[in-house]
Amino acid sequence: MKTKNAFMLILTAFIWGTAFVAQSVGMDYLGPFTFNGVRSIIGGIALLPCIAFLNRINGVQKKAEGSRRDLIVGGIACGLLLFAASSLQQVGIQYTTAGKAGFITAFYIVIVPVLGIFLGKKTGWKVWLAVALALAGLYFLCITEKFSVGKGDILIFICALVFSVHILVIDYFSPKVDGVKMSCIQFFVCGIVSLPLMFGLETPRISAMLAGIVPLLYAGVLSCGVAYTLQIVGQKNVNPAVASLILSLESCFSVLAGWLVLGERLSVREGTGCVLMFAAIILAQLPDKKRNGIKEEETA
């Protein structure tokens, strides 16, 4: 795995982790479908000048990666999955604690390699050990009360399943298409699909959007426009199981951001969880041993 890809995915996790504050504040002004819909459209708009700039410096006539069909199908598929996952997460978090929601959402680090088995993606013992370490870290990091299963927990678990498919779909399309363009399509699809539920179940007001403009811009431009694009570009030619491990660092970054920026107390339990998760990521990145001059394919 290239250092550049790992850095992009770590930066993605960092932005997602710090964006939890923006999402929480934004929900004080807007309903879940309105917030997701508006921030997705903002994310798509934010990428348009980026696409125009890249086309200009690379040349408009530059040969595209893959076909236009792959780009459109990939963008629509990712957009629909992103809409489903983010909506389930926003609704489910209303019925459970933030800690449990973060822990259950991060179950994609187990679901992705399991689903990958059925898709012919090999995952070696090193990655499985890293997954186990990360799960233990997430438990210490997120679960502070007696564990029980409720309505919100079920919705969040379904969200984790959808996010797992989202990661695998990106793994399939990202080597074939322009990642920035696919990301842009993804956000516009997510925003457009949110509109019927936004107007049917909620009462969106311009005044409320203006009141919550700061969290909307942060979640739209950074969490959507920048982070999800970095995910698509960073995942290119990377084992999805390893990518999901790195992305799960968002839980660590959310806790650390609360500690450093908001002055929230970081307990020994949470600190232990962060250490275990970082250890899991380092383990997954260690180079494979060579046997007779040939590298073992432990993370194919």
# chains A, B, ... in the order shown; residues from 1 in each chain; ligands from 1

call {"tool": "closest_atom_pairs", "arguments": {"of": "stretch 70-176 of chain A", "to": "stretch 236-259 of chain A", "cutoff": "6 Å", "atoms": "only C-alpha atoms", "output": "Markdown table"}}
result
| residue | atom | partner | partner_atom | distance |
| --- | --- | --- | --- | --- |
| A:Ala106 | CA | A:Ser248 | CA | 5.9 |
| A:Ile109 | CA | A:Ser244 | CA | 5.2 |
| A:Val112 | CA | A:Ala241 | CA | 5.8 |
| A:Pro113 | CA | A:Ala241 | CA | 5.1 |
| A:Ser174 | CA | A:Lys236 | CA | 5.3 |
| A:Pro175 | CA | A:Lys236 | CA | 5.3 |

call {"tool": "select_by_dssp", "arguments": {"residues": "stretch 190-280 of chain A", "states": "helix (DSSP H, G or I)", "output": "PyMOL selection string"}}
result
chain A and resi 190-201+206-211+213-234+240-247+250-260+268-280

call {"tool": "write_last_selection", "arguments": {"atoms": "C-alpha atoms", "output": "short mmCIF file (atom, residue, chain, number, x, y, z; two decimals), in the first residue's frame"}}
result
data_model
loop_
_atom_site.label_atom_id
_atom_site.label_comp_id
_atom_site.auth_asym_id
_atom_site.auth_seq_id
_atom_site.Cartn_x
_atom_site.Cartn_y
_atom_site.Cartn_z
CA CYS A 190 -27.53 11.79 -2.50
CA GLY A 191 -28.86 15.35 -2.28
CA ILE A 192 -31.55 14.87 -4.95
CA VAL A 193 -32.80 11.59 -3.43
CA SER A 194 -33.04 13.37 -0.04
CA LEU A 195 -35.43 16.04 -1.42
CA PRO A 196 -38.71 14.03 -1.35
CA LEU A 197 -38.14 12.97 2.28
CA MET A 198 -36.88 16.44 3.17
CA PHE A 199 -40.10 18.12 2.00
CA GLY A 200 -42.41 15.20 2.85
CA LEU A 201 -41.32 14.51 6.44
CA ILE A 206 -34.14 29.09 4.62
CA SER A 207 -33.85 30.89 7.97
CA ALA A 208 -32.92 27.61 9.72
CA MET A 209 -30.33 26.85 7.02
CA LEU A 210 -28.80 30.30 7.44
CA ALA A 211 -28.74 29.87 11.22
CA ILE A 213 -24.73 27.71 7.87
CA VAL A 214 -21.38 27.14 9.64
CA PRO A 215 -21.94 23.43 10.46
CA LEU A 216 -23.58 22.99 7.05
CA LEU A 217 -20.55 24.41 5.24
CA TYR A 218 -18.12 22.37 7.36
CA ALA A 219 -20.06 19.15 6.81
CA GLY A 220 -20.72 19.97 3.15
CA VAL A 221 -17.36 21.29 1.95
CA LEU A 222 -14.97 19.34 4.20
CA SER A 223 -16.80 16.18 5.31
CA CYS A 224 -18.51 15.65 1.94
CA GLY A 225 -16.58 17.50 -0.74
CA VAL A 226 -13.07 16.90 0.58
CA ALA A 227 -13.22 13.76 2.75
CA TYR A 228 -15.41 11.52 0.58
CA THR A 229 -13.36 12.50 -2.47
CA LEU A 230 -10.15 11.64 -0.60
CA GLN A 231 -11.75 8.28 0.27
CA ILE A 232 -12.49 7.47 -3.36
CA VAL A 233 -9.03 8.55 -4.58
CA GLY A 234 -7.20 7.02 -1.61
CA PRO A 240 -10.87 -2.65 1.07
CA ALA A 241 -10.33 -4.46 4.40
CA VAL A 242 -7.24 -2.34 5.10
CA ALA A 243 -9.01 0.82 3.89
CA SER A 244 -11.93 0.18 6.27
CA LEU A 245 -9.48 -0.23 9.16
CA ILE A 246 -7.88 3.14 8.47
CA LEU A 247 -11.24 4.86 8.01
CA GLU A 250 -12.58 8.57 12.74
CA SER A 251 -13.76 7.36 16.17
CA CYS A 252 -10.31 8.09 17.64
CA PHE A 253 -10.11 11.49 16.01
CA SER A 254 -13.58 12.47 17.22
CA VAL A 255 -12.59 11.71 20.83
CA LEU A 256 -9.19 13.38 20.51
CA ALA A 257 -10.74 16.47 18.89
CA GLY A 258 -13.19 16.76 21.77
CA TRP A 259 -10.29 16.51 24.21
CA LEU A 260 -8.00 19.02 22.46
CA VAL A 268 -7.91 6.01 30.68
CA ARG A 269 -10.44 3.67 29.04
CA GLU A 270 -10.77 5.94 25.99
CA GLY A 271 -7.00 6.40 25.82
CA THR A 272 -6.56 2.62 25.84
CA GLY A 273 -9.07 2.33 23.01
CA CYS A 274 -7.18 4.89 20.91
CA VAL A 275 -3.85 3.11 21.50
CA LEU A 276 -5.35 -0.27 20.46
CA MET A 277 -6.85 1.21 17.30
CA PHE A 278 -3.64 2.95 16.26
CA ALA A 279 -1.77 -0.33 16.93
CA ALA A 280 -4.24 -2.13 14.65
#

call {"tool": "closest_residue", "arguments": {"among": "A:Leu161, A:Trp16, A:Val177, A:Leu133", "to": "A:Leu283", "atoms": "only C-alpha atoms"}}
result
A:Leu133

call {"tool": "atom_distance", "arguments": {"atom1": "atom CA of A:Ile45", "atom2": "atom CA of A:Phe187"}}
result
8.7 Å

call {"tool": "closest_residue", "arguments": {"among": "A:Thr3, A:Gln23, A:Asn36, A:Thr96", "to": "A:Phe188", "atoms": "only C-alpha atoms"}}
result
A:Asn36

call {"tool": "atom_distance", "arguments": {"atom1": "atom CA of A:Gly31", "atom2": "atom CA of A:Ser86"}}
result
12.7 Å

call {"tool": "closest_residue", "arguments": {"among": "A:Lys121, A:Arg205, A:Lys181, A:Lys176", "to": "A:Asp70", "atoms": "only C-alpha atoms"}}
result
A:Lys176

call {"tool": "residues_around", "arguments": {"residues": "A:Leu30", "least_positions_apart": "3", "cutoff": "8 Å", "atoms": "only C-alpha atoms", "output": "NGL selection string"}}
result
:A and (26-27 or 34-35 or 204 or 208-209 or 212)

call {"tool": "write_last_selection", "arguments": {"atoms": "N, CA and C atoms", "output": "mmCIF file, in the first residue's frame"}}
result
data_model
loop_
_atom_site.group_PDB
_atom_site.id
_atom_site.type_symbol
_atom_site.label_atom_id
_atom_site.label_comp_id
_atom_site.auth_asym_id
_atom_site.auth_seq_id
_atom_site.Cartn_x
_atom_site.Cartn_y
_atom_site.Cartn_z
ATOM 1 N N GLY A 26 -25.472 21.018 13.754
ATOM 2 C CA GLY A 26 -26.378 21.216 12.636
ATOM 3 C C GLY A 26 -27.766 20.660 12.882
ATOM 4 N N MET A 27 -27.835 19.571 13.627
ATOM 5 C CA MET A 27 -29.133 18.950 13.933
ATOM 6 C C MET A 27 -29.968 19.815 14.874
ATOM 7 N N THR A 34 -33.033 16.967 5.815
ATOM 8 C CA THR A 34 -32.678 18.301 5.326
ATOM 9 C C THR A 34 -31.183 18.536 5.462
ATOM 10 N N PHE A 35 -30.627 18.180 6.619
ATOM 11 C CA PHE A 35 -29.194 18.387 6.844
ATOM 12 C C PHE A 35 -28.373 17.573 5.854
ATOM 13 N N PRO A 204 -38.279 22.223 5.858
ATOM 14 C CA PRO A 204 -37.037 22.982 5.673
ATOM 15 C C PRO A 204 -37.309 24.475 5.507
ATOM 16 N N ALA A 208 -33.590 28.641 8.928
ATOM 17 C CA ALA A 208 -32.915 27.612 9.720
ATOM 18 C C ALA A 208 -31.588 27.229 9.074
ATOM 19 N N MET A 209 -31.570 27.174 7.727
ATOM 20 C CA MET A 209 -30.327 26.845 7.022
ATOM 21 C C MET A 209 -29.278 27.926 7.231
ATOM 22 N N GLY A 212 -27.818 27.694 10.677
ATOM 23 C CA GLY A 212 -26.875 26.582 10.805
ATOM 24 C C GLY A 212 -25.868 26.532 9.673
#

call {"tool": "residues_around", "arguments": {"residues": "A:Ile104", "least_positions_apart": "6", "cutoff": "8 Å", "atoms": "only C-alpha atoms", "output": "count of residues only"}}
result
4

call {"tool": "residues_around", "arguments": {"residues": "A:Tyr95", "least_positions_apart": "2", "cutoff": "6 Å", "atoms": "only C-alpha atoms", "output": "MDAnalysis selection string"}}
result
chainID A and resid 92:93 152

call {"tool": "atom_distance", "arguments": {"atom1": "atom CA of A:Ile167", "atom2": "atom CA of A:Phe33"}}
result
22.0 Å
